[in-house]
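Worksheet: the structure to be examined is printed underneath.
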Amino acid sequence: MKLTALQRKTLEQYRGFHDAPPTVGGLVALAAGRHLLLVLLFGIGVVMVLAVEIPSAAFILVGMVIGAISRDWGTFRRFVRVWPVLSNVLDWARIDGMLADGGGQL
């Protein structure tokens, strides 16, 4: 069974974390593009609701963005704390083999 693009990317990311353990700052940097897009899209929404004079809706949208980004950062913090355990139980030789031969058996 071949690895899907998502599976390959995930294993490559884990492999990189095995060499240099993840940090919250590093994970925030990886997500920065998605977070900027989120802020941009919701910013457009804020401008639109302010244009039609519904300021309470703007506060709701701002709260949604803050909540989404805060949730992500919390997930990053948990992942960094759990990573040492994951790193110890993952079969790195098998992961290296799967990445080298383009998939291998799952």
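Identifiers in this document derive from the order of the structure tokens: chains are assigned A, B, ..., residues are numbered from 1 separately in each chain, and ligands are numbered from 1 in order of occurrence.
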
query = Mind checking DSSP for chain A and telling me the alpha helix (DSSP H) residues as a PyMOL selection string?
reply = chain A and resi 5-19+24-51+55-89+92-100

For Gly26 of chain A, the nearest of the candidates A:Ala68, A:Ile95, A:Gln13, A:Ser87, counting only C-alpha atoms =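 Looking at the shortest contact to Gly26 of chain A, the residue is A:Gln13.
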
Best match for closeness to Val28 of chain A among A:Val65, A:Leu90, A:Val80, A:Met48, counting only C-alpha atoms =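 Among the listed residues, the smallest separation from Val28 of chain A belongs to A:Val80.
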
key: Residue contacts of Phe76 of chain A (8 Å, only C-alpha atoms) excluding same-chain residues fewer than 2 positions away, as number ranges by chain   = A: 24, 27-28, 72-74, 78-80

message = Ranking A:Arg81, A:His35, A:Arg8, A:Arg71 by minimum distance to Thr23 of chain A and counting only C-alpha atoms, which one comes first?
response =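 Looking at the shortest contact to Thr23 of chain A, the residue is A:Arg81.
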
Show me, as a PDB file with C-alpha atoms, in the first residue's frame, the residues that have an atom within 9 Å of Trp92 of chain A when counting only C-alpha atoms, minus same-chain residues fewer than 4 positions from it.
ATOM      1  CA  ARG A  15      11.057  12.331  11.121  1.00  0.00           C
ATOM      2  CA  HIS A  18      12.888  13.065  15.764  1.00  0.00           C
ATOM      3  CA  SER A  87       9.259   9.603  19.905  1.00  0.00           C
ATOM      4  CA  ASP A  96      12.604   5.449   7.514  1.00  0.00           C
ATOM      5  CA  GLY A  97      11.947   2.360   5.377  1.00  0.00           C
TER       6      GLY A  97
END

query = Any idea what the distance is between atom CA of Phe42 of chain A and atom CA of Gly67 of chain A?
reply =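 Calculated distance between atom CA of Phe42 of chain A and atom CA of Gly67 of chain A is 12.3 Å.
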